[in-house]
Structures are given as C-alpha cells and as structure tokens.
$ cat entry-v5.cif   # mmCIF, C-alpha atoms
data_structure
loop_
_atom_site.group_PDB
_atom_site.id
_atom_site.type_symbol
_atom_site.label_atom_id
_atom_site.label_comp_id
_atom_site.auth_asym_id
_atom_site.auth_seq_id
_atom_site.Cartn_x
_atom_site.Cartn_y
_atom_site.Cartn_z
ATOM 1 C CA MET A 900 -2.376 -12.200 3.400
ATOM 2 C CA HIS A 901 -5.306 -12.702 1.116
ATOM 3 C CA ARG A 902 -4.870 -12.989 -2.624
ATOM 4 C CA ALA A 903 -7.548 -11.493 -4.823
ATOM 5 C CA THR A 904 -10.179 -13.797 -6.333
ATOM 6 C CA PRO A 905 -11.972 -13.081 -9.641
ATOM 7 C CA ARG A 906 -14.974 -11.856 -7.638
ATOM 8 C CA VAL A 907 -12.830 -9.353 -5.718
ATOM 9 C CA ARG A 908 -11.274 -8.092 -8.952
ATOM 10 C CA ALA A 909 -14.693 -7.723 -10.574
ATOM 11 C CA LEU A 910 -16.013 -5.763 -7.590
ATOM 12 C CA ALA A 911 -12.917 -3.535 -7.708
ATOM 13 C CA ALA A 912 -13.418 -2.791 -11.405
ATOM 14 C CA LEU A 913 -17.172 -2.162 -11.073
ATOM 15 C CA PRO A 914 -17.079 1.392 -9.623
ATOM 16 C CA PHE A 915 -14.689 2.589 -12.319
ATOM 17 C CA VAL A 916 -16.945 1.144 -15.026
ATOM 18 C CA LEU A 917 -19.959 2.901 -13.498
ATOM 19 C CA VAL A 918 -18.116 6.216 -13.057
ATOM 20 C CA LEU A 919 -16.699 6.053 -16.592
ATOM 21 C CA ALA A 920 -20.159 5.383 -18.034
ATOM 22 C CA GLY A 921 -21.644 8.263 -16.058
ATOM 23 C CA HIS A 922 -18.804 10.596 -17.057
ATOM 24 C CA LEU A 923 -19.235 9.836 -20.772
ATOM 25 C CA LEU A 924 -23.009 10.164 -20.489
ATOM 26 C CA LEU A 925 -22.739 13.642 -18.963
ATOM 27 C CA LEU A 926 -20.220 14.700 -21.607
ATOM 28 C CA ALA A 927 -22.723 13.653 -24.255
ATOM 29 C CA LEU A 928 -25.671 15.389 -22.560
ATOM 30 C CA TRP A 929 -23.685 18.596 -22.006
ATOM 31 C CA HIS A 930 -21.987 18.500 -25.407
ATOM 32 C CA ASP A 931 -23.502 21.777 -26.629
ATOM 33 C CA ARG A 932 -22.602 23.593 -23.413
ATOM 34 C CA ILE A 933 -18.971 22.504 -23.103
ATOM 35 C CA PRO A 934 -16.491 25.003 -24.623
ATOM 36 C CA ASP A 935 -13.756 23.938 -27.018
ATOM 37 C CA THR A 936 -11.141 24.817 -24.385
ATOM 38 C CA LEU A 937 -11.678 23.920 -20.731
ATOM 39 C CA ALA A 938 -9.989 25.323 -17.655
ATOM 40 C CA THR A 939 -8.403 22.261 -16.047
ATOM 41 C CA HIS A 940 -5.898 23.630 -13.537
ATOM 42 C CA PHE A 941 -6.524 26.213 -10.846
ATOM 43 C CA GLY A 942 -3.970 28.118 -8.825
ATOM 44 C CA PRO A 943 -4.049 28.503 -5.038
ATOM 45 C CA ASP A 944 -4.186 32.300 -5.346
ATOM 46 C CA GLY A 945 -6.925 34.451 -6.776
ATOM 47 C CA GLY A 946 -9.838 32.426 -5.399
ATOM 48 C CA GLY A 947 -9.114 29.304 -7.416
ATOM 49 C CA ARG A 948 -8.967 30.939 -10.815
ATOM 50 C CA ALA A 949 -7.825 28.965 -13.825
ATOM 51 C CA ASP A 950 -4.149 28.917 -14.813
ATOM 52 C CA GLY A 951 -4.102 25.806 -17.043
ATOM 53 C CA PHE A 952 -6.249 24.815 -20.027
ATOM 54 C CA THR A 953 -7.027 21.710 -22.119
ATOM 55 C CA GLY A 954 -8.934 21.151 -25.354
ATOM 56 C CA ARG A 955 -12.259 19.322 -25.121
ATOM 57 C CA THR A 956 -11.065 16.220 -27.003
ATOM 58 C CA ALA A 957 -7.851 16.007 -24.989
ATOM 59 C CA PHE A 958 -9.805 16.443 -21.745
ATOM 60 C CA THR A 959 -12.113 13.576 -22.686
ATOM 61 C CA LEU A 960 -9.197 11.301 -23.536
ATOM 62 C CA VAL A 961 -7.319 12.204 -20.343
ATOM 63 C CA GLY A 962 -10.403 11.610 -18.193
ATOM 64 C CA VAL A 963 -11.114 8.248 -19.784
ATOM 65 C CA GLY A 964 -7.451 7.253 -19.540
ATOM 66 C CA LEU A 965 -7.297 8.278 -15.886
ATOM 67 C CA LEU A 966 -10.338 6.216 -14.931
ATOM 68 C CA LEU A 967 -9.166 3.216 -16.966
ATOM 69 C CA GLY A 968 -5.662 3.429 -15.494
ATOM 70 C CA LEU A 969 -6.857 3.704 -11.904
ATOM 71 C CA GLY A 970 -9.387 0.949 -12.477
ATOM 72 C CA ALA A 971 -6.779 -1.370 -13.975
ATOM 73 C CA GLY A 972 -4.384 -0.683 -11.109
ATOM 74 C CA TRP A 973 -6.959 -1.417 -8.428
ATOM 75 C CA THR A 974 -8.184 -4.507 -10.285
ATOM 76 C CA VAL A 975 -4.673 -5.958 -10.390
ATOM 77 C CA LEU A 976 -3.552 -4.990 -6.881
ATOM 78 C CA VAL A 977 -6.761 -5.105 -4.858
ATOM 79 C CA ARG A 978 -7.287 -7.413 -1.891
ATOM 80 C CA ARG A 979 -10.559 -8.156 -0.131
ATOM 81 C CA ALA A 980 -9.771 -5.939 2.858
ATOM 82 C CA ALA A 981 -8.934 -2.989 0.577
ATOM 83 C CA LEU A 982 -11.983 -3.208 -1.693
ATOM 84 C CA TRP A 983 -13.392 -0.047 -0.130
ATOM 85 C CA GLY A 984 -10.295 1.838 -1.367
ATOM 86 C CA ALA A 985 -11.125 1.082 -4.997
ATOM 87 C CA TRP A 986 -14.641 2.424 -4.562
ATOM 88 C CA ALA A 987 -13.404 5.515 -2.715
ATOM 89 C CA THR A 988 -10.864 6.261 -5.450
ATOM 90 C CA ALA A 989 -13.505 5.924 -8.159
ATOM 91 C CA GLY A 990 -15.897 8.164 -6.248
ATOM 92 C CA PHE A 991 -13.366 10.920 -5.608
ATOM 93 C CA THR A 992 -11.980 10.915 -9.166
ATOM 94 C CA GLY A 993 -15.392 10.765 -10.819
ATOM 95 C CA ALA A 994 -16.799 13.555 -8.666
ATOM 96 C CA LEU A 995 -13.899 15.891 -9.453
ATOM 97 C CA LEU A 996 -14.196 15.207 -13.190
ATOM 98 C CA VAL A 997 -17.926 15.953 -13.162
ATOM 99 C CA LEU A 998 -17.463 19.111 -11.092
ATOM 100 C CA LEU A 999 -14.707 20.282 -13.415
ATOM 101 C CA VAL A 1000 -16.987 19.941 -16.420
ATOM 102 C CA ARG A 1001 -19.818 21.680 -14.554
ATOM 103 C CA ASP A 1002 -17.575 24.648 -13.725
ATOM 104 C CA ASN A 1003 -16.752 25.033 -17.432
ATOM 105 C CA LEU A 1004 -20.319 24.868 -18.729
ATOM 106 C CA ASP A 1005 -21.258 27.803 -20.987
ATOM 107 C CA ALA A 1006 -17.912 29.512 -20.323
ATOM 108 C CA THR A 1007 -16.997 32.046 -23.019
ATOM 109 C CA ASP A 1008 -13.584 32.768 -21.509
ATOM 110 C CA PRO A 1009 -11.892 29.773 -19.807
ATOM 111 C CA ALA A 1010 -9.491 32.131 -18.020
ATOM 112 C CA ARG A 1011 -12.437 33.392 -15.962
ATOM 113 C CA VAL A 1012 -13.547 29.937 -14.801
ATOM 114 C CA VAL A 1013 -13.290 29.397 -11.034
ATOM 115 C CA SER A 1014 -13.134 26.070 -9.233
ATOM 116 C CA PRO A 1015 -14.177 26.551 -5.572
ATOM 117 C CA LEU A 1016 -12.483 24.646 -2.764
ATOM 118 C CA THR A 1017 -15.857 23.164 -1.905
ATOM 119 C CA ASN A 1018 -15.329 20.856 -4.896
ATOM 120 C CA LEU A 1019 -12.749 18.975 -2.815
ATOM 121 C CA ALA A 1020 -15.268 18.568 -0.005
ATOM 122 C CA VAL A 1021 -17.852 17.226 -2.465
ATOM 123 C CA GLY A 1022 -15.243 14.836 -3.868
ATOM 124 C CA ALA A 1023 -14.366 13.662 -0.364
ATOM 125 C CA ALA A 1024 -18.057 13.105 0.412
ATOM 126 C CA ALA A 1025 -18.481 11.055 -2.776
ATOM 127 C CA ALA A 1026 -15.403 9.029 -1.845
ATOM 128 C CA ALA A 1027 -16.824 8.360 1.634
ATOM 129 C CA VAL A 1028 -20.191 7.203 0.280
ATOM 130 C CA LEU A 1029 -18.629 4.858 -2.251
ATOM 131 C CA ALA A 1030 -16.112 3.619 0.325
ATOM 132 C CA LEU A 1031 -19.033 2.524 2.504
ATOM 133 C CA ALA A 1032 -20.569 0.770 -0.489
ATOM 134 C CA GLY A 1033 -17.288 -1.016 -1.211
ATOM 135 C CA TRP A 1034 -16.921 -1.988 2.426
ATOM 136 C CA GLY A 1035 -20.421 -3.432 2.401
ATOM 137 C CA LEU A 1036 -19.648 -5.475 -0.703
ATOM 138 C CA THR A 1037 -16.807 -7.286 1.089
ATOM 139 C CA ARG A 1038 -19.550 -9.392 2.673
ATOM 140 C CA LEU A 1039 -20.139 -10.931 -0.743
ATOM 141 C CA VAL A 1040 -16.560 -12.238 -0.749
ATOM 142 C CA PRO A 1041 -15.609 -15.055 1.677
ATOM 143 C CA ALA A 1042 -12.350 -14.568 3.550
ATOM 144 C CA GLU A 1043 -9.564 -16.647 2.054
ATOM 145 C CA ASP A 1044 -6.031 -17.412 3.027
ATOM 146 C CA ALA A 1045 -2.989 -16.720 0.832
ATOM 147 C CA THR A 1046 -3.416 -19.872 -1.246
ATOM 148 C CA GLY A 1047 -7.106 -19.277 -1.926
ATOM 149 C CA THR A 1048 -8.408 -21.919 0.491
ATOM 150 C CA PRO A 1049 -11.131 -20.966 2.987
ATOM 151 C CA ALA A 1050 -9.770 -19.383 6.154
ATOM 152 C CA ASP A 1051 -11.158 -22.112 8.405
ATOM 153 C CA ALA A 1052 -9.081 -24.675 6.510
ATOM 154 C CA ALA A 1053 -5.835 -22.799 6.960
ATOM 155 C CA GLY A 1054 -5.243 -24.307 10.374
ATOM 156 C CA ALA A 1055 -5.168 -27.775 8.831
ATOM 157 C CA THR A 1056 -1.862 -27.028 7.104
ATOM 158 C CA GLU A 1057 1.053 -28.650 8.901
ATOM 159 C CA LEU A 1058 3.583 -26.080 10.023
ATOM 160 C CA PRO A 1059 7.228 -26.872 9.246
ATOM 161 C CA ARG A 1060 9.412 -28.276 12.035
ATOM 162 C CA LEU A 1061 13.161 -28.647 12.508
ATOM 163 C CA ALA A 1062 14.299 -31.933 14.033
ATOM 164 C CA LEU A 1063 16.206 -31.215 17.258
ATOM 165 C CA GLY A 1064 17.201 -33.527 20.065
ATOM 166 C CA ALA A 1065 15.844 -32.895 23.540
ATOM 167 C CA SER A 1066 19.146 -31.373 24.688
ATOM 168 C CA GLU A 1067 20.074 -29.643 21.418
ATOM 169 C CA VAL A 1068 19.946 -25.895 20.977
ATOM 170 C CA ALA A 1069 20.012 -24.018 17.692
ATOM 171 C CA GLY A 1070 19.869 -20.560 16.233
ATOM 172 C CA TRP A 1071 19.436 -19.147 12.755
ATOM 173 C CA SER A 1072 20.538 -15.816 11.329
ATOM 174 C CA ARG A 1073 20.498 -14.354 7.853
ATOM 175 C CA ALA A 1074 21.117 -10.897 6.370
ATOM 176 C CA THR A 1075 19.017 -9.567 3.531
ATOM 177 C CA GLY A 1076 18.778 -6.237 1.782
ATOM 178 C CA SER A 1077 17.557 -4.129 -1.102
ATOM 179 C CA ARG A 1078 19.820 -2.345 -3.586
ATOM 180 C CA PRO A 1079 17.119 0.097 -4.761
ATOM 181 C CA LEU A 1080 16.404 1.089 -1.165
ATOM 182 C CA THR A 1081 20.122 1.527 -0.510
ATOM 183 C CA VAL A 1082 20.531 3.795 -3.532
ATOM 184 C CA LEU A 1083 17.456 5.838 -2.569
ATOM 185 C CA ALA A 1084 18.668 6.281 1.005
ATOM 186 C CA VAL A 1085 22.179 7.315 -0.059
ATOM 187 C CA LEU A 1086 20.827 9.841 -2.562
ATOM 188 C CA ALA A 1087 18.450 11.268 0.035
ATOM 189 C CA LEU A 1088 21.246 11.701 2.578
ATOM 190 C CA ALA A 1089 23.563 13.204 -0.043
ATOM 191 C CA ALA A 1090 20.893 15.785 -0.835
ATOM 192 C CA VAL A 1091 20.934 17.105 2.730
ATOM 193 C CA PRO A 1092 24.340 18.853 2.766
ATOM 194 C CA ALA A 1093 23.976 19.841 -0.884
ATOM 195 C CA GLY A 1094 20.625 21.448 -0.192
ATOM 196 C CA LEU A 1095 21.834 23.238 2.931
ATOM 197 C CA LEU A 1096 24.858 24.662 1.112
ATOM 198 C CA LEU A 1097 23.312 25.544 -2.234
ATOM 199 C CA ALA A 1098 19.664 26.340 -1.656
ATOM 200 C CA PRO A 1099 18.634 29.804 -0.472
ATOM 201 C CA TRP A 1100 17.225 30.151 3.005
ATOM 202 C CA PRO A 1101 14.473 29.171 3.962
ATOM 203 C CA ASP A 1102 14.194 26.838 0.946
ATOM 204 C CA ALA A 1103 17.160 24.931 2.348
ATOM 205 C CA LEU A 1104 14.819 23.477 4.970
ATOM 206 C CA ILE A 1105 13.403 21.278 2.232
ATOM 207 C CA ALA A 1106 16.730 19.436 2.194
ATOM 208 C CA LEU A 1107 15.983 18.192 5.699
ATOM 209 C CA VAL A 1108 13.352 15.953 4.152
ATOM 210 C CA GLY A 1109 16.339 13.910 3.006
ATOM 211 C CA LEU A 1110 16.992 12.992 6.631
ATOM 212 C CA VAL A 1111 13.445 11.710 7.062
ATOM 213 C CA VAL A 1112 13.827 9.522 3.972
ATOM 214 C CA GLY A 1113 17.518 8.673 4.166
ATOM 215 C CA VAL A 1114 18.032 7.645 7.796
ATOM 216 C CA PRO A 1115 15.239 5.057 8.089
ATOM 217 C CA GLY A 1116 15.841 4.026 4.479
ATOM 218 C CA LEU A 1117 19.482 3.255 5.191
ATOM 219 C CA ALA A 1118 18.540 1.378 8.356
ATOM 220 C CA LEU A 1119 16.171 -0.847 6.378
ATOM 221 C CA ALA A 1120 18.345 -1.195 3.277
ATOM 222 C CA ARG A 1121 20.086 -4.208 4.817
ATOM 223 C CA VAL A 1122 18.710 -6.021 7.848
ATOM 224 C CA ARG A 1123 19.636 -9.120 9.838
ATOM 225 C CA VAL A 1124 16.956 -11.602 10.841
ATOM 226 C CA THR A 1125 17.668 -13.862 13.815
ATOM 227 C CA VAL A 1126 15.663 -16.767 15.206
ATOM 228 C CA ASP A 1127 16.659 -18.188 18.597
ATOM 229 C CA ARG A 1128 15.150 -19.049 21.965
ATOM 230 C CA GLN A 1129 14.210 -15.379 22.435
ATOM 231 C CA GLY A 1130 11.969 -15.428 19.340
ATOM 232 C CA VAL A 1131 12.517 -13.632 16.044
ATOM 233 C CA THR A 1132 14.506 -10.386 15.888
ATOM 234 C CA VAL A 1133 14.993 -7.999 12.969
ATOM 235 C CA ARG A 1134 17.567 -5.207 13.180
ATOM 236 C CA PRO A 1135 19.793 -3.170 10.851
ATOM 237 C CA ALA A 1136 22.738 -5.267 9.683
ATOM 238 C CA LEU A 1137 25.372 -2.724 10.749
ATOM 239 C CA VAL A 1138 24.057 -1.548 14.132
ATOM 240 C CA PRO A 1139 22.166 -3.274 16.972
ATOM 241 C CA ARG A 1140 19.408 -0.658 17.197
ATOM 242 C CA PRO A 1141 16.633 -0.049 16.347
ATOM 243 C CA ARG A 1142 15.222 -3.544 16.299
ATOM 244 C CA VAL A 1143 11.889 -5.340 16.113
ATOM 245 C CA ARG A 1144 11.383 -8.478 18.163
ATOM 246 C CA VAL A 1145 8.525 -10.935 18.523
ATOM 247 C CA PRO A 1146 9.109 -12.849 21.790
ATOM 248 C CA LEU A 1147 8.844 -16.614 21.693
ATOM 249 C CA ASP A 1148 6.069 -16.666 24.295
ATOM 250 C CA GLU A 1149 3.865 -14.557 21.960
ATOM 251 C CA ILE A 1150 4.288 -16.794 18.899
ATOM 252 C CA ALA A 1151 1.459 -19.120 17.869
ATOM 253 C CA GLY A 1152 3.216 -20.441 14.760
ATOM 254 C CA ALA A 1153 5.344 -19.554 11.752
ATOM 255 C CA ASP A 1154 5.124 -20.313 8.054
ATOM 256 C CA VAL A 1155 6.536 -19.206 4.686
ATOM 257 C CA ARG A 1156 4.814 -17.312 1.881
ATOM 258 C CA GLU A 1157 5.878 -15.905 -1.442
ATOM 259 C CA LEU A 1158 5.267 -12.192 -1.888
ATOM 260 C CA ASP A 1159 5.086 -10.705 -5.365
ATOM 261 C CA THR A 1160 4.907 -6.982 -6.124
ATOM 262 C CA ALA A 1161 1.099 -6.987 -6.144
ATOM 263 C CA ALA A 1162 0.973 -8.638 -2.711
ATOM 264 C CA VAL A 1163 3.547 -6.225 -1.269
ATOM 265 C CA LEU A 1164 1.526 -3.210 -2.411
ATOM 266 C CA ALA A 1165 -1.876 -4.594 -1.494
ATOM 267 C CA ASP A 1166 -1.035 -6.293 1.817
ATOM 268 C CA PHE A 1167 1.597 -3.884 3.129
ATOM 269 C CA GLY A 1168 1.195 -0.729 1.067
ATOM 270 C CA GLY A 1169 4.797 -0.785 -0.155
ATOM 271 C CA TRP A 1170 8.295 -1.555 0.986
ATOM 272 C CA GLY A 1171 10.016 -0.741 4.284
ATOM 273 C CA TYR A 1172 8.731 -1.110 7.839
ATOM 274 C CA ARG A 1173 4.990 -1.403 7.388
ATOM 275 C CA VAL A 1174 2.155 -1.287 9.921
ATOM 276 C CA ARG A 1175 -1.319 -2.345 8.811
ATOM 277 C CA ALA A 1176 -4.561 -3.212 10.569
ATOM 278 C CA HIS A 1177 -3.779 -6.896 11.144
ATOM 279 C CA ARG A 1178 -0.093 -7.202 10.370
ATOM 280 C CA THR A 1179 3.278 -5.536 10.565
ATOM 281 C CA GLY A 1180 6.280 -6.316 8.430
ATOM 282 C CA VAL A 1181 9.791 -5.508 7.358
ATOM 283 C CA VAL A 1182 9.506 -5.793 3.584
ATOM 284 C CA VAL A 1183 12.688 -4.999 1.667
ATOM 285 C CA HIS A 1184 12.050 -7.030 -1.496
ATOM 286 C CA THR A 1185 9.710 -9.593 -3.027
ATOM 287 C CA GLY A 1186 10.090 -13.341 -2.680
ATOM 288 C CA GLU A 1187 10.386 -15.732 0.241
ATOM 289 C CA THR A 1188 8.846 -14.325 3.417
ATOM 290 C CA LEU A 1189 8.842 -15.507 7.014
ATOM 291 C CA VAL A 1190 5.361 -14.986 8.480
ATOM 292 C CA VAL A 1191 4.927 -15.212 12.245
ATOM 293 C CA ARG A 1192 1.439 -15.538 13.696
ATOM 294 C CA ARG A 1193 1.065 -14.030 17.154
ATOM 295 C CA ASP A 1194 -1.288 -15.056 19.952
ATOM 296 C CA ASN A 1195 -3.414 -11.942 19.439
ATOM 297 C CA GLY A 1196 -4.100 -12.907 15.814
ATOM 298 C CA ARG A 1197 -1.768 -10.326 14.244
ATOM 299 C CA GLU A 1198 1.000 -11.328 11.845
ATOM 300 C CA PHE A 1199 4.588 -10.211 11.586
ATOM 301 C CA ALA A 1200 6.329 -10.736 8.236
ATOM 302 C CA VAL A 1201 9.894 -10.248 7.060
ATOM 303 C CA THR A 1202 11.248 -10.958 3.581
ATOM 304 C CA VAL A 1203 14.375 -13.074 3.939
ATOM 305 C CA PRO A 1204 16.046 -15.955 2.047
ATOM 306 C CA ASP A 1205 15.855 -19.445 3.581
ATOM 307 C CA ALA A 1206 12.709 -18.440 5.438
ATOM 308 C CA ARG A 1207 11.542 -22.070 5.605
ATOM 309 C CA THR A 1208 14.434 -23.028 7.874
ATOM 310 C CA ALA A 1209 13.694 -20.026 10.076
ATOM 311 C CA ALA A 1210 10.005 -20.960 10.307
ATOM 312 C CA ALA A 1211 10.807 -24.603 11.073
ATOM 313 C CA LEU A 1212 13.196 -23.675 13.879
ATOM 314 C CA LEU A 1213 10.778 -21.113 15.279
ATOM 315 C CA ASN A 1214 7.953 -23.676 15.382
ATOM 316 C CA THR A 1215 10.209 -26.210 17.099
ATOM 317 C CA LEU A 1216 11.304 -23.691 19.717
ATOM 318 C CA ALA A 1217 7.724 -22.546 20.248
ATOM 319 C CA GLU A 1218 6.598 -26.157 20.629
ATOM 320 C CA ARG A 1219 9.196 -26.690 23.346
ATOM 321 C CA HIS A 1220 7.805 -23.569 24.967
ATOM 322 C CA GLY A 1221 4.342 -25.110 24.892
ATOM 323 C CA LYS A 1222 3.050 -22.732 22.211
ATOM 324 C CA VAL A 1223 2.625 -24.868 19.044
#
$ encode --input "entry-v5.cif" --output "structure tokens"
Amino acid sequence: MHRATPRVRALAALPFVLVLAGHLLLLALWHDRIPDTLATHFGPDGGGRADGFTGRTAFTLVGVGLLLGLGAGWTVLVRRAALWGAWATAGFTGALLVLLVRDNLDATDPARVVSPLTNLAVGAAAAAVLALAGWGLTRLVPAEDATGTPADAAGATELPRLALGASEVAGWSRATGSRPLTVLAVLALAAVPAGLLLAPWPDALIALVGLVVGVPGLALARVRVTVDRQGVTVRPALVPRPRVRVPLDEIAGADVRELDTAAVLADFGGWGYRVRAHRTGVVVHTGETLVVRRDNGREFAVTVPDARTAAALLNTLAERHGKV
C-alpha cells in the first residue's frame, strides 16, 4: 500500500491546473459570444434540450470550484497506481465544461440550446487520452512501500514473531466492527418492507436495492478474524458463512500497517469487502490493519485491533510450515 509522495501529489494536481487554465482562457476568448444566461442542464427527452439554466458569473464560479475541488481531492487521496485516474477525471470534466460553453455560444434563447449525446463520447475520449498520459507519468515516480522506503528495501524489515515452544500450539481470534456500516445496513433493510408496502408498483422494485446494500452490509458490519494453523479466516461475527480464508501454505508473511481515511479510499476504494488489482481486503474502519502477503505477490488486508499479535502468530505458524 503505497503512500503518496510530493511528486505524486504534484503530478495529480497538474492536469487540473492545466484544464483550469485552459477553461479560463477559453472563457476570456469567447467572452463576447457567451450569453448572460447559459443552458447548463439537459433533459433525457426532446433530443437533449435544455431544462436548467445558470448565469454566466455563477457558471464560471461553479466550473472553477468544481475543478479546484476535484483537483484537491485527487491531490490528497492519490496513490502512484491511481495517478491515471486523476488525469482521466480532469480530462472528462474539462472536456464537458468546454463543450457546454461551445453549445451556448451566440445563443439568443438558452431554452433552445441542445447538448448532443456525442458530448459524452468526446468527454470519454478526452478522459482516455489523459488517462494514458497519467499512466505514462507513473514511470517518473519510483515504487515505494507504505513507509516511503524503496520497494526493494521492504524485504529487509524483520517480520514480527510470536515465541512458541516446539510442541506448543496457539490460536488468535478477535471481533471487530463498524457502527456506521451497521446503521447503514439496518436502514437499508428497513427500507425494503416499507418500500414494498408504500410505494406504487413498479416503483416498489426500487426498494429491493435495500437488499443489495443491507445484506452484505450487515454481514460486514461486524466480523471475526481468526488466525490458527489453517491460516487467517474472516467471517461474519454472527454466522459461519460467508467467509474469506487465506490458507497457511499460501502465506509468504504478515505485517501490520496503519490505514487512515486517505489510504482506505486510495488503496481500497472505500470500506467493505474490496477487490483491487494487487490486493483484497475486508476494511470496516481505519486504524490497525493485518496485512498478509501471499506467494503470488497479492496482499490480503483486514482492519482489526491487536493486529500485531495476529501477524506475529501467523509468521510463526508459517515458519513452522516452511514458508517464512
């Protein structure tokens, strides 16, 4: 889990600075052609005709604020592997803003302005081009481990061990949970019967979305993490299934890391059961996190208190198994 360096943050901010400068430049060049009121929202019916309007000054302020806000967010949360996402976001947002202004040029009646669906395709193309540029720029940033040391030095760190006699056996288990996730899951499940009873058909089908959110949310709201001679297992605290297990014979080592909100969003994309390119995780809160490195190079992470004891025991058991 790589933390952002100043160079990564600067490269993440760069596309938003360039897009903002280009956006303001075009507004200045087209000043005499931009009407006092712009069409800024377009309905799905009627061929994309305008159904929402904004004054020119307000539009400028909103556009600048949007680019600054997105740029600040990416600068704070970006990681090296996600640098392309910052560039793609800047490209898509900037393209849509420019196209919106172009559609309003010389308009005498903003209600007659049309924004074609091809604008979305152009925005997607701009996002793809800038995403490639951002991906290419990752070569300017050396890979680093979570503490900011070069990746090739990470293996020099001594993994924690738990002192056990040759004939001793041990296990470790701890429950951990998230109150916000519990509340969200309960509210989502409560909305299901209420929606089915009160909402008119077929709108009541929307209530079924509560099942998609509530059931897995409740399963992850409180989990139990167990380390024993089978490996590391994570399951809901109240029921034995579903569960995630990393077998002991697939474990190359275990360590502990601290996850803050920025790391959770950047490395895992949020809370819950997360699957990313090089790691999976059960992330229910910030803080102490057990990180298991597998033989295939992937990582499995779970946020749990007393993770250091779990990692130490797991390394000891893996060492007995001839793995560490």
$ closest_residue --input "entry-v5.cif" --among "A:Val1000, A:Ala1074, A:Gly1168, A:Leu982" --to "Leu1031 in chain A" --atoms "only C-alpha atoms"
A:Leu982
$ closest_residue --input "entry-v5.cif" --among "A:Pro1059, A:Gly951, A:Gly962, A:Gly1035" --to "Val1013 in chain A" --atoms "only C-alpha atoms"
A:Gly951
$ closest_residue --input "entry-v5.cif" --among "A:His1184, A:Arg1073, A:Arg1060, A:Arg1140" --to "Ala1162 in chain A" --atoms "only C-alpha atoms"
A:His1184
$ closest_residue --input "entry-v5.cif" --among "A:Val1012, A:Leu1147, A:Val1082, A:Val1191" --to "Gly942 in chain A" --atoms "all atoms listed in the file"
A:Val1012
$ resolve_selection --input "entry-v5.cif" --expression "the PyMOL selection byres ((chain A and resi 1193) around 8)" --output "ChimeraX atom specification"
/A:1149-1152,1191-1192,1194-1199
$ resolve_selection --input "entry-v5.cif" --expression "the PyMOL selection byres ((chain A and resi 938) around 8)" --output "MDAnalysis selection string"
chainID A and resid 936:937 939:941 949:953 1003 1009:1010 1012
$ resolve_selection --input "entry-v5.cif" --expression "the PyMOL selection byres ((chain A and resi 1075) around 10)" --output "list in words"
Arg1073, Ala1074, Gly1076, Ser1077, Leu1119, Ala1120, Arg1121, Val1122, Arg1123, Val1124, Pro1135, Ala1136, Val1183, His1184, Val1201, Thr1202, Val1203 and Pro1204 of chain A
$ closest_residue --input "entry-v5.cif" --among "A:Gly1186, A:Pro914, A:Gly1130, A:Pro1079" --to "Trp973 in chain A" --atoms "all atoms listed in the file"
A:Pro914
$ closest_atom_pairs --input "entry-v5.cif" --of "range 980-1035 of chain A" --to "range 964-967 of chain A" --cutoff "10 Å" --atoms "all atoms listed in the file" --output "Markdown table"
| residue | atom | partner | partner_atom | distance |
| --- | --- | --- | --- | --- |
| A:Thr988 | CA | A:Leu966 | CA | 9.5 |
| A:Ala989 | CA | A:Leu966 | CA | 7.5 |
| A:Thr992 | CA | A:Leu966 | CA | 7.6 |
| A:Gly993 | CA | A:Leu966 | CA | 7.9 |
| A:Leu996 | CA | A:Leu966 | CA | 9.9 |
$ atom_distance --input "entry-v5.cif" --atom1 "CA of Glu1067 in chain A" --atom2 "CA of Arg1156 in chain A"
27.7 Å
$ atom_distance --input "entry-v5.cif" --atom1 "CA of Arg1219 in chain A" --atom2 "CA of Val1145 in chain A"
16.5 Å
$ atom_distance --input "entry-v5.cif" --atom1 "CA of Arg908 in chain A" --atom2 "CA of Gly968 in chain A"
14.4 Å
$ closest_residue --input "entry-v5.cif" --among "A:Pro1015, A:Gly1180, A:Gly984, A:Gly1169" --to "Leu999 in chain A" --atoms "all atoms listed in the file"
A:Pro1015
$ residues_around --input "entry-v5.cif" --residues "Val1143 in chain A" --least-positions-apart "3" --cutoff "8 Å" --atoms "only C-alpha atoms" --output "PyMOL selection string"
chain A and resi 1132-1134
$ residues_around --input "entry-v5.cif" --residues "Ala1024 in chain A" --least-positions-apart "4" --cutoff "10 Å" --atoms "all atoms listed in the file" --output "PyMOL selection string"
chain A and resi 987+990-991+994+1018-1020+1028-1030
$ write_last_selection --input "entry-v5.cif" --atoms "C-alpha atoms" --output "CSV table (one decimal), keeping the file's coordinate frame"
chain,number,residue,atom,x,y,z
A,987,ALA,CA,-13.4,5.5,-2.7
A,990,GLY,CA,-15.9,8.2,-6.2
A,991,PHE,CA,-13.4,10.9,-5.6
A,994,ALA,CA,-16.8,13.6,-8.7
A,1018,ASN,CA,-15.3,20.9,-4.9
A,1019,LEU,CA,-12.7,19.0,-2.8
A,1020,ALA,CA,-15.3,18.6,0.0
A,1028,VAL,CA,-20.2,7.2,0.3
A,1029,LEU,CA,-18.6,4.9,-2.3
A,1030,ALA,CA,-16.1,3.6,0.3
$ decode --input "entry-v5.cif" --residues "range 1017-1024 of chain A" --atoms "N, CA, C and O atoms" --output "short mmCIF file (atom, residue, chain, number, x, y, z; two decimals), in the first residue's frame"
data_model
loop_
_atom_site.label_atom_id
_atom_site.label_comp_id
_atom_site.auth_asym_id
_atom_site.auth_seq_id
_atom_site.Cartn_x
_atom_site.Cartn_y
_atom_site.Cartn_z
N THR A 1017 -23.28 13.01 -28.15
CA THR A 1017 -21.89 12.82 -28.58
C THR A 1017 -20.91 13.56 -27.68
O THR A 1017 -19.72 13.24 -27.66
N ASN A 1018 -21.40 14.56 -26.93
CA ASN A 1018 -20.52 15.26 -25.99
C ASN A 1018 -19.94 14.29 -24.96
O ASN A 1018 -18.79 14.42 -24.54
N LEU A 1019 -20.76 13.31 -24.53
CA LEU A 1019 -20.27 12.33 -23.57
C LEU A 1019 -19.17 11.47 -24.17
O LEU A 1019 -18.19 11.12 -23.50
N ALA A 1020 -19.33 11.12 -25.46
CA ALA A 1020 -18.30 10.34 -26.13
C ALA A 1020 -17.00 11.13 -26.25
O ALA A 1020 -15.90 10.59 -26.06
N VAL A 1021 -17.12 12.43 -26.56
CA VAL A 1021 -15.93 13.28 -26.64
C VAL A 1021 -15.27 13.38 -25.27
O VAL A 1021 -14.03 13.31 -25.15
N GLY A 1022 -16.09 13.55 -24.22
CA GLY A 1022 -15.54 13.60 -22.87
C GLY A 1022 -14.84 12.31 -22.49
O GLY A 1022 -13.76 12.33 -21.88
N ALA A 1023 -15.43 11.17 -22.88
CA ALA A 1023 -14.80 9.88 -22.58
C ALA A 1023 -13.48 9.73 -23.34
O ALA A 1023 -12.50 9.19 -22.80
N ALA A 1024 -13.45 10.22 -24.59
CA ALA A 1024 -12.20 10.15 -25.36
C ALA A 1024 -11.11 11.01 -24.72
O ALA A 1024 -9.95 10.60 -24.64
#
